[in-house]
Amino acid sequence: LIMQVIQSMSEFARSKKVKLQCVKSKPIYIVADQKRIRQVLINLISNGIKYSKEEASEKYVKLSAETHQDSVIISVADNGIGIEKQHQNKIFEKFFRADSVFDYRTEGTGLGLAISKEIVELHGGQIWFESKPHEGTVFYVKIPQGE
Ligand code: ATP
Ligand code: MG
């Protein structure tokens, strides 16, 4: 699924000169709503691409997946604009978009992360992130493998 989504977004990544890659792992199986998990991945990857630094040269969005006990943890890391401290507790709210994204002339409604959180939590999972303003952001999605 991760490889499929990366494939489907490679054109968008190329247009923004962002290298989109996945760290190889053994196949990991989970019981989940494929369509919804795809939607989460698309949002996290498109955020990583959209909120890259326009002027930077080695822009990337890197995915990895690993198992931890009976869950899979997917990470989506970018070296983009990052999220200011004062915005970090708001990004999962519906319609919230940080001021900085307007400077970058990106488009969005501010719903992607609110929807992603809902989907992940309906799977009994968690979503969180670590971010350094002007350096980059890593989102983590943890989902129980199920059955
Ligand atoms: P939509 O996803 O609905 O098209 P959006 O991308 O603005 O619009 P979210 O995905 O919910 O909305 O993200 C909310 C806000 O969080 C973004 O507008 C941006 O300010 C911030 N954000 C999210 N991901 C990143 C990231 N990878 N790097 C920097 N800022 C981010
Ligand atoms: Mg988004």
# chains A, B, ... in the order shown; residues from 1 in each chain; ligands from 1

call {"tool": "residues_near_ligand", "arguments": {"ligand": "ligand 2", "cutoff": "6 Å", "atoms": "only C-alpha atoms and all ligand atoms", "output": "PyMOL selection string"}}
result
chain A and resi 43+47+112

call {"tool": "residues_around", "arguments": {"residues": "Val23 of chain A", "least_positions_apart": "4", "cutoff": "8 Å", "atoms": "only C-alpha atoms", "output": "list of chain:residue names"}}
result
A:Lys62, A:Leu63, A:Ser64, A:Ala65

call {"tool": "closest_residue", "arguments": {"among": "A:Gly136, A:Gly124, A:Gly146, A:Gly108", "to": "ligand 1", "atoms": "only C-alpha atoms and all ligand atoms"}}
result
A:Gly108

call {"tool": "residues_around", "arguments": {"residues": "Ile6 of chain A", "least_positions_apart": "2", "cutoff": "10 Å", "atoms": "only C-alpha atoms", "output": "PDB file with N, CA and C atoms, in the first residue's frame"}}
result
ATOM      1  N   LEU A   1       0.835  -1.207   0.000  1.00  0.00           N
ATOM      2  CA  LEU A   1       0.000   0.000   0.000  1.00  0.00           C
ATOM      3  C   LEU A   1       0.871   1.260   0.000  1.00  0.00           C
ATOM      4  N   ILE A   2       1.890   1.245   0.860  1.00  0.00           N
ATOM      5  CA  ILE A   2       2.787   2.417   0.919  1.00  0.00           C
ATOM      6  C   ILE A   2       3.447   2.645  -0.445  1.00  0.00           C
ATOM      7  N   MET A   3       3.906   1.542  -1.063  1.00  0.00           N
ATOM      8  CA  MET A   3       4.573   1.680  -2.361  1.00  0.00           C
ATOM      9  C   MET A   3       3.597   2.209  -3.419  1.00  0.00           C
ATOM     10  N   GLN A   4       2.357   1.709  -3.371  1.00  0.00           N
ATOM     11  CA  GLN A   4       1.330   2.188  -4.319  1.00  0.00           C
ATOM     12  C   GLN A   4       1.080   3.678  -4.168  1.00  0.00           C
ATOM     13  N   SER A   8       1.697   6.729  -6.741  1.00  0.00           N
ATOM     14  CA  SER A   8       0.636   7.618  -7.216  1.00  0.00           C
ATOM     15  C   SER A   8       0.951   9.087  -6.945  1.00  0.00           C
ATOM     16  N   MET A   9       1.897   9.348  -6.025  1.00  0.00           N
ATOM     17  CA  MET A   9       2.200  10.741  -5.709  1.00  0.00           C
ATOM     18  C   MET A   9       3.542  11.195  -6.267  1.00  0.00           C
ATOM     19  N   SER A  10       4.173  10.331  -7.051  1.00  0.00           N
ATOM     20  CA  SER A  10       5.532  10.653  -7.511  1.00  0.00           C
ATOM     21  C   SER A  10       5.539  11.870  -8.438  1.00  0.00           C
ATOM     22  N   GLU A  11       4.472  12.041  -9.197  1.00  0.00           N
ATOM     23  CA  GLU A  11       4.407  13.180 -10.116  1.00  0.00           C
ATOM     24  C   GLU A  11       4.329  14.505  -9.341  1.00  0.00           C
ATOM     25  N   ALA A  13       5.366  14.957  -6.286  1.00  0.00           N
ATOM     26  CA  ALA A  13       6.670  15.158  -5.638  1.00  0.00           C
ATOM     27  C   ALA A  13       7.672  15.748  -6.629  1.00  0.00           C
ATOM     28  N   LEU A  20      10.801  11.564  -2.981  1.00  0.00           N
ATOM     29  CA  LEU A  20       9.845  10.774  -2.188  1.00  0.00           C
ATOM     30  C   LEU A  20      10.348   9.348  -2.138  1.00  0.00           C
ATOM     31  N   GLN A  21      10.646   8.863  -0.953  1.00  0.00           N
ATOM     32  CA  GLN A  21      11.222   7.525  -0.877  1.00  0.00           C
ATOM     33  C   GLN A  21      10.713   6.739   0.324  1.00  0.00           C
ATOM     34  N   CYS A  22      10.884   5.423   0.236  1.00  0.00           N
ATOM     35  CA  CYS A  22      10.467   4.555   1.324  1.00  0.00           C
ATOM     36  C   CYS A  22      11.648   3.705   1.742  1.00  0.00           C
ATOM     37  N   LEU A  41      -2.308   8.149   4.431  1.00  0.00           N
ATOM     38  CA  LEU A  41      -0.966   8.227   3.827  1.00  0.00           C
ATOM     39  C   LEU A  41      -0.894   9.358   2.809  1.00  0.00           C
ATOM     40  N   ILE A  42      -1.940   9.480   1.991  1.00  0.00           N
ATOM     41  CA  ILE A  42      -1.952  10.541   0.974  1.00  0.00           C
ATOM     42  C   ILE A  42      -1.880  11.901   1.644  1.00  0.00           C
ATOM     43  N   ILE A  45       1.705  12.428   3.168  1.00  0.00           N
ATOM     44  CA  ILE A  45       2.720  12.631   2.126  1.00  0.00           C
ATOM     45  C   ILE A  45       2.493  13.967   1.420  1.00  0.00           C
ATOM     46  N   VAL A  61      10.744  13.528   1.371  1.00  0.00           N
ATOM     47  CA  VAL A  61       9.720  12.949   2.238  1.00  0.00           C
ATOM     48  C   VAL A  61      10.042  11.465   2.292  1.00  0.00           C
ATOM     49  N   LYS A  62      10.340  10.975   3.490  1.00  0.00           N
ATOM     50  CA  LYS A  62      10.784   9.581   3.649  1.00  0.00           C
ATOM     51  C   LYS A  62       9.796   8.801   4.494  1.00  0.00           C
ATOM     52  N   LEU A  63       9.389   7.671   3.972  1.00  0.00           N
ATOM     53  CA  LEU A  63       8.481   6.820   4.743  1.00  0.00           C
ATOM     54  C   LEU A  63       9.206   5.598   5.262  1.00  0.00           C
TER      55      LEU A  63
END

call {"tool": "closest_residue", "arguments": {"among": "A:Glu93, A:Glu66, A:Glu121, A:Glu147", "to": "ligand 1", "atoms": "only C-alpha atoms and all ligand atoms"}}
result
A:Glu93

call {"tool": "closest_atom_pairs", "arguments": {"of": "chain A", "to": "ligand 1", "cutoff": "7 Å", "atoms": "only C-alpha atoms and all ligand atoms", "output": "CSV"}}
result
residue,atom,partner,partner_atom_place_in_ligand_line,distance
A:Asn43,CA,ligand 1,2 (O),5.8
A:Leu44,CA,ligand 1,24 (N),6.7
A:Asn47,CA,ligand 1,24 (N),4.7
A:Gly48,CA,ligand 1,27 (N),4.1
A:Tyr51,CA,ligand 1,28 (N),4.8
A:Ser52,CA,ligand 1,28 (N),7.0
A:Asp78,CA,ligand 1,27 (N),6.4
A:Gly80,CA,ligand 1,28 (N),5.9
A:Ile81,CA,ligand 1,29 (C),5.4
A:Gly82,CA,ligand 1,29 (C),4.3
A:Ile83,CA,ligand 1,30 (N),4.9
A:Ile91,CA,ligand 1,16 (O),4.5
A:Phe92,CA,ligand 1,11 (O),6.1
A:Lys94,CA,ligand 1,11 (O),6.8
A:Phe95,CA,ligand 1,11 (O),6.9
A:Phe96,CA,ligand 1,14 (C),5.5
A:Arg97,CA,ligand 1,18 (O),3.4
A:Ala98,CA,ligand 1,20 (O),3.7
A:Asp99,CA,ligand 1,20 (O),6.9
A:Ser100,CA,ligand 1,20 (O),6.7
A:Val101,CA,ligand 1,20 (O),5.4
A:Glu107,CA,ligand 1,4 (O),6.5
A:Gly108,CA,ligand 1,8 (O),3.3
A:Thr109,CA,ligand 1,3 (O),3.8
A:Gly110,CA,ligand 1,12 (O),3.1
A:Leu111,CA,ligand 1,3 (O),3.6
A:Gly112,CA,ligand 1,2 (O),3.4
A:Leu113,CA,ligand 1,11 (O),3.6
A:Ala114,CA,ligand 1,11 (O),5.6
A:Gly136,CA,ligand 1,28 (N),6.5
A:Thr137,CA,ligand 1,27 (N),5.4

call {"tool": "write_last_selection", "arguments": {"atoms": "C-alpha atoms", "output": "PDB file, in the first residue's frame"}}
result
ATOM      1  CA  ASN A  43      -2.595  13.386   3.385  1.00  0.00           C
ATOM      2  CA  LEU A  44       0.658  12.931   5.305  1.00  0.00           C
ATOM      3  CA  ASN A  47       1.611  17.668   3.539  1.00  0.00           C
ATOM      4  CA  GLY A  48       5.291  16.693   3.473  1.00  0.00           C
ATOM      5  CA  TYR A  51       5.189  22.181   3.252  1.00  0.00           C
ATOM      6  CA  SER A  52       8.679  21.686   1.904  1.00  0.00           C
ATOM      7  CA  ASP A  78      10.206  15.690   5.824  1.00  0.00           C
ATOM      8  CA  GLY A  80      10.328  21.146   5.290  1.00  0.00           C
ATOM      9  CA  ILE A  81       9.145  24.334   6.964  1.00  0.00           C
ATOM     10  CA  GLY A  82       8.237  22.629  10.259  1.00  0.00           C
ATOM     11  CA  ILE A  83       5.473  23.689  12.624  1.00  0.00           C
ATOM     12  CA  ILE A  91      -2.872  21.180  13.754  1.00  0.00           C
ATOM     13  CA  PHE A  92      -5.351  18.339  14.304  1.00  0.00           C
ATOM     14  CA  LYS A  94     -10.630  21.098  11.709  1.00  0.00           C
ATOM     15  CA  PHE A  95      -9.843  23.979   9.326  1.00  0.00           C
ATOM     16  CA  PHE A  96      -6.642  24.988  11.136  1.00  0.00           C
ATOM     17  CA  ARG A  97      -3.829  26.080   8.833  1.00  0.00           C
ATOM     18  CA  ALA A  98      -0.665  27.771  10.165  1.00  0.00           C
ATOM     19  CA  ASP A  99      -0.030  31.340   8.914  1.00  0.00           C
ATOM     20  CA  SER A 100       3.283  30.247   7.414  1.00  0.00           C
ATOM     21  CA  VAL A 101       1.528  28.026   4.858  1.00  0.00           C
ATOM     22  CA  GLU A 107      -3.644  25.108  -1.038  1.00  0.00           C
ATOM     23  CA  GLY A 108      -5.694  23.206   1.483  1.00  0.00           C
ATOM     24  CA  THR A 109      -8.736  23.307   3.681  1.00  0.00           C
ATOM     25  CA  GLY A 110      -7.130  22.293   6.956  1.00  0.00           C
ATOM     26  CA  LEU A 111      -9.129  19.069   7.146  1.00  0.00           C
ATOM     27  CA  GLY A 112      -6.521  16.456   6.227  1.00  0.00           C
ATOM     28  CA  LEU A 113      -5.068  15.905   9.689  1.00  0.00           C
ATOM     29  CA  ALA A 114      -8.453  16.085  11.467  1.00  0.00           C
ATOM     30  CA  GLY A 136      11.240  19.542   9.416  1.00  0.00           C
ATOM     31  CA  THR A 137       8.528  17.295  10.741  1.00  0.00           C
TER      32      THR A 137
END

call {"tool": "closest_residue", "arguments": {"among": "A:Asn79, A:Ser131, A:Gln39, A:Gln7", "to": "Lys59 of chain A", "atoms": "only C-alpha atoms"}}
result
A:Asn79

call {"tool": "select_by_dssp", "arguments": {"residues": "segment 1-108 of chain A", "states": "strand (DSSP E)", "output": "VMD selection string"}}
result
chain A and resid 18 to 22 59 to 68 71 to 78

call {"tool": "closest_residue", "arguments": {"among": "A:Gln126, A:Ser46, A:Ser15, A:Ser57", "to": "Ser71 of chain A", "atoms": "only C-alpha atoms"}}
result
A:Gln126

call {"tool": "residues_around", "arguments": {"residues": "Pro144 of chain A", "least_positions_apart": "2", "cutoff": "10 Å", "atoms": "only C-alpha atoms", "output": "PyMOL selection string"}}
result
chain A and resi 30-32+67-73+120+123-126+142+146-147

call {"tool": "write_last_selection", "arguments": {"atoms": "N, CA and C atoms", "output": "short mmCIF file (atom, residue, chain, number, x, y, z; two decimals), in the first residue's frame"}}
result
data_model
loop_
_atom_site.label_atom_id
_atom_site.label_comp_id
_atom_site.auth_asym_id
_atom_site.auth_seq_id
_atom_site.Cartn_x
_atom_site.Cartn_y
_atom_site.Cartn_z
N ILE A 30 -1.47 -5.84 8.01
CA ILE A 30 -2.42 -5.41 9.03
C ILE A 30 -3.84 -5.61 8.51
N VAL A 31 -4.76 -5.75 9.45
CA VAL A 31 -6.17 -5.82 9.09
C VAL A 31 -6.72 -4.42 9.30
N ALA A 32 -7.08 -3.76 8.19
CA ALA A 32 -7.50 -2.37 8.29
C ALA A 32 -8.33 -2.00 7.06
N THR A 67 7.30 -2.92 12.76
CA THR A 67 6.35 -3.43 13.74
C THR A 67 6.89 -3.18 15.14
N HIS A 68 5.96 -2.97 16.05
CA HIS A 68 6.33 -2.78 17.45
C HIS A 68 5.25 -3.49 18.25
N GLN A 69 5.64 -4.55 18.95
CA GLN A 69 4.67 -5.46 19.58
C GLN A 69 3.62 -5.85 18.53
N ASP A 70 2.32 -5.63 18.78
CA ASP A 70 1.35 -6.06 17.77
C ASP A 70 0.82 -4.91 16.94
N SER A 71 1.66 -3.89 16.76
CA SER A 71 1.24 -2.74 15.96
C SER A 71 2.25 -2.46 14.88
N VAL A 72 1.78 -1.72 13.87
CA VAL A 72 2.73 -1.21 12.89
C VAL A 72 2.87 0.29 13.16
N ILE A 73 4.09 0.78 13.03
CA ILE A 73 4.32 2.23 13.16
C ILE A 73 4.86 2.72 11.82
N VAL A 120 -7.40 7.07 12.05
CA VAL A 120 -6.42 6.28 12.82
C VAL A 120 -7.04 5.84 14.14
N HIS A 123 -9.36 3.02 14.04
CA HIS A 123 -8.65 1.75 13.93
C HIS A 123 -8.01 1.35 15.26
N GLY A 124 -8.27 2.12 16.30
CA GLY A 124 -7.68 1.82 17.60
C GLY A 124 -6.23 2.26 17.69
N GLY A 125 -5.84 3.16 16.80
CA GLY A 125 -4.44 3.59 16.73
C GLY A 125 -4.22 5.00 17.24
N GLN A 126 -3.02 5.48 17.01
CA GLN A 126 -2.64 6.83 17.44
C GLN A 126 -1.85 7.53 16.35
N LYS A 142 0.43 4.86 14.39
CA LYS A 142 0.56 3.53 14.98
C LYS A 142 -0.80 2.84 14.89
N GLY A 146 -4.15 -6.21 14.24
CA GLY A 146 -5.51 -6.75 14.19
C GLY A 146 -5.58 -8.24 13.91
N GLU A 147 -6.72 -8.87 14.22
CA GLU A 147 -7.02 -10.31 14.06
C GLU A 147 -5.94 -11.18 14.68
#

call {"tool": "select_by_dssp", "arguments": {"residues": "chain A", "states": "alpha helix (DSSP H)", "output": "count of residues only"}}
result
46

call {"tool": "decode", "arguments": {"residues": "segment 7-58 of chain A", "atoms": "C-alpha atoms", "output": "short mmCIF file (atom, residue, chain, number, x, y, z; two decimals), in the first residue's frame"}}
result
data_model
loop_
_atom_site.label_atom_id
_atom_site.label_comp_id
_atom_site.auth_asym_id
_atom_site.auth_seq_id
_atom_site.Cartn_x
_atom_site.Cartn_y
_atom_site.Cartn_z
CA GLN A 7 3.89 5.68 -6.89
CA SER A 8 0.64 7.62 -7.22
CA MET A 9 2.20 10.74 -5.71
CA SER A 10 5.53 10.65 -7.51
CA GLU A 11 4.41 13.18 -10.12
CA PHE A 12 3.36 15.70 -7.46
CA ALA A 13 6.67 15.16 -5.64
CA ARG A 14 8.63 15.66 -8.84
CA SER A 15 6.78 18.89 -9.63
CA LYS A 16 7.91 20.28 -6.25
CA LYS A 17 11.43 18.81 -6.60
CA VAL A 18 10.91 16.66 -3.50
CA LYS A 19 12.51 13.24 -3.33
CA LEU A 20 9.85 10.77 -2.19
CA GLN A 21 11.22 7.53 -0.88
CA CYS A 22 10.47 4.56 1.32
CA VAL A 23 12.94 2.80 3.57
CA LYS A 24 12.67 -0.88 2.62
CA SER A 25 11.29 -3.28 5.17
CA LYS A 26 9.93 -6.80 5.23
CA PRO A 27 6.27 -6.92 4.16
CA ILE A 28 4.01 -5.99 7.08
CA TYR A 29 0.40 -7.12 7.22
CA ILE A 30 -2.42 -5.41 9.03
CA VAL A 31 -6.17 -5.82 9.09
CA ALA A 32 -7.50 -2.37 8.29
CA ASP A 33 -9.71 -0.33 5.99
CA GLN A 34 -7.37 -0.01 3.04
CA LYS A 35 -9.16 2.92 1.45
CA ARG A 36 -9.07 4.93 4.68
CA ILE A 37 -5.45 4.12 5.49
CA ARG A 38 -4.58 5.16 1.95
CA GLN A 39 -6.32 8.48 2.62
CA VAL A 40 -4.17 8.99 5.75
CA LEU A 41 -0.97 8.23 3.83
CA ILE A 42 -1.95 10.54 0.97
CA ASN A 43 -2.60 13.39 3.39
CA LEU A 44 0.66 12.93 5.31
CA ILE A 45 2.72 12.63 2.13
CA SER A 46 0.99 15.56 0.43
CA ASN A 47 1.61 17.67 3.54
CA GLY A 48 5.29 16.69 3.47
CA ILE A 49 5.50 17.75 -0.16
CA LYS A 50 3.39 20.92 0.17
CA TYR A 51 5.19 22.18 3.25
CA SER A 52 8.68 21.69 1.90
CA LYS A 53 11.02 24.69 1.83
CA GLU A 54 10.80 26.30 -1.55
CA GLU A 55 14.45 27.38 -1.62
CA ALA A 56 15.98 24.16 -0.23
CA SER A 57 18.00 21.89 -2.49
CA GLU A 58 17.75 18.37 -1.02
#
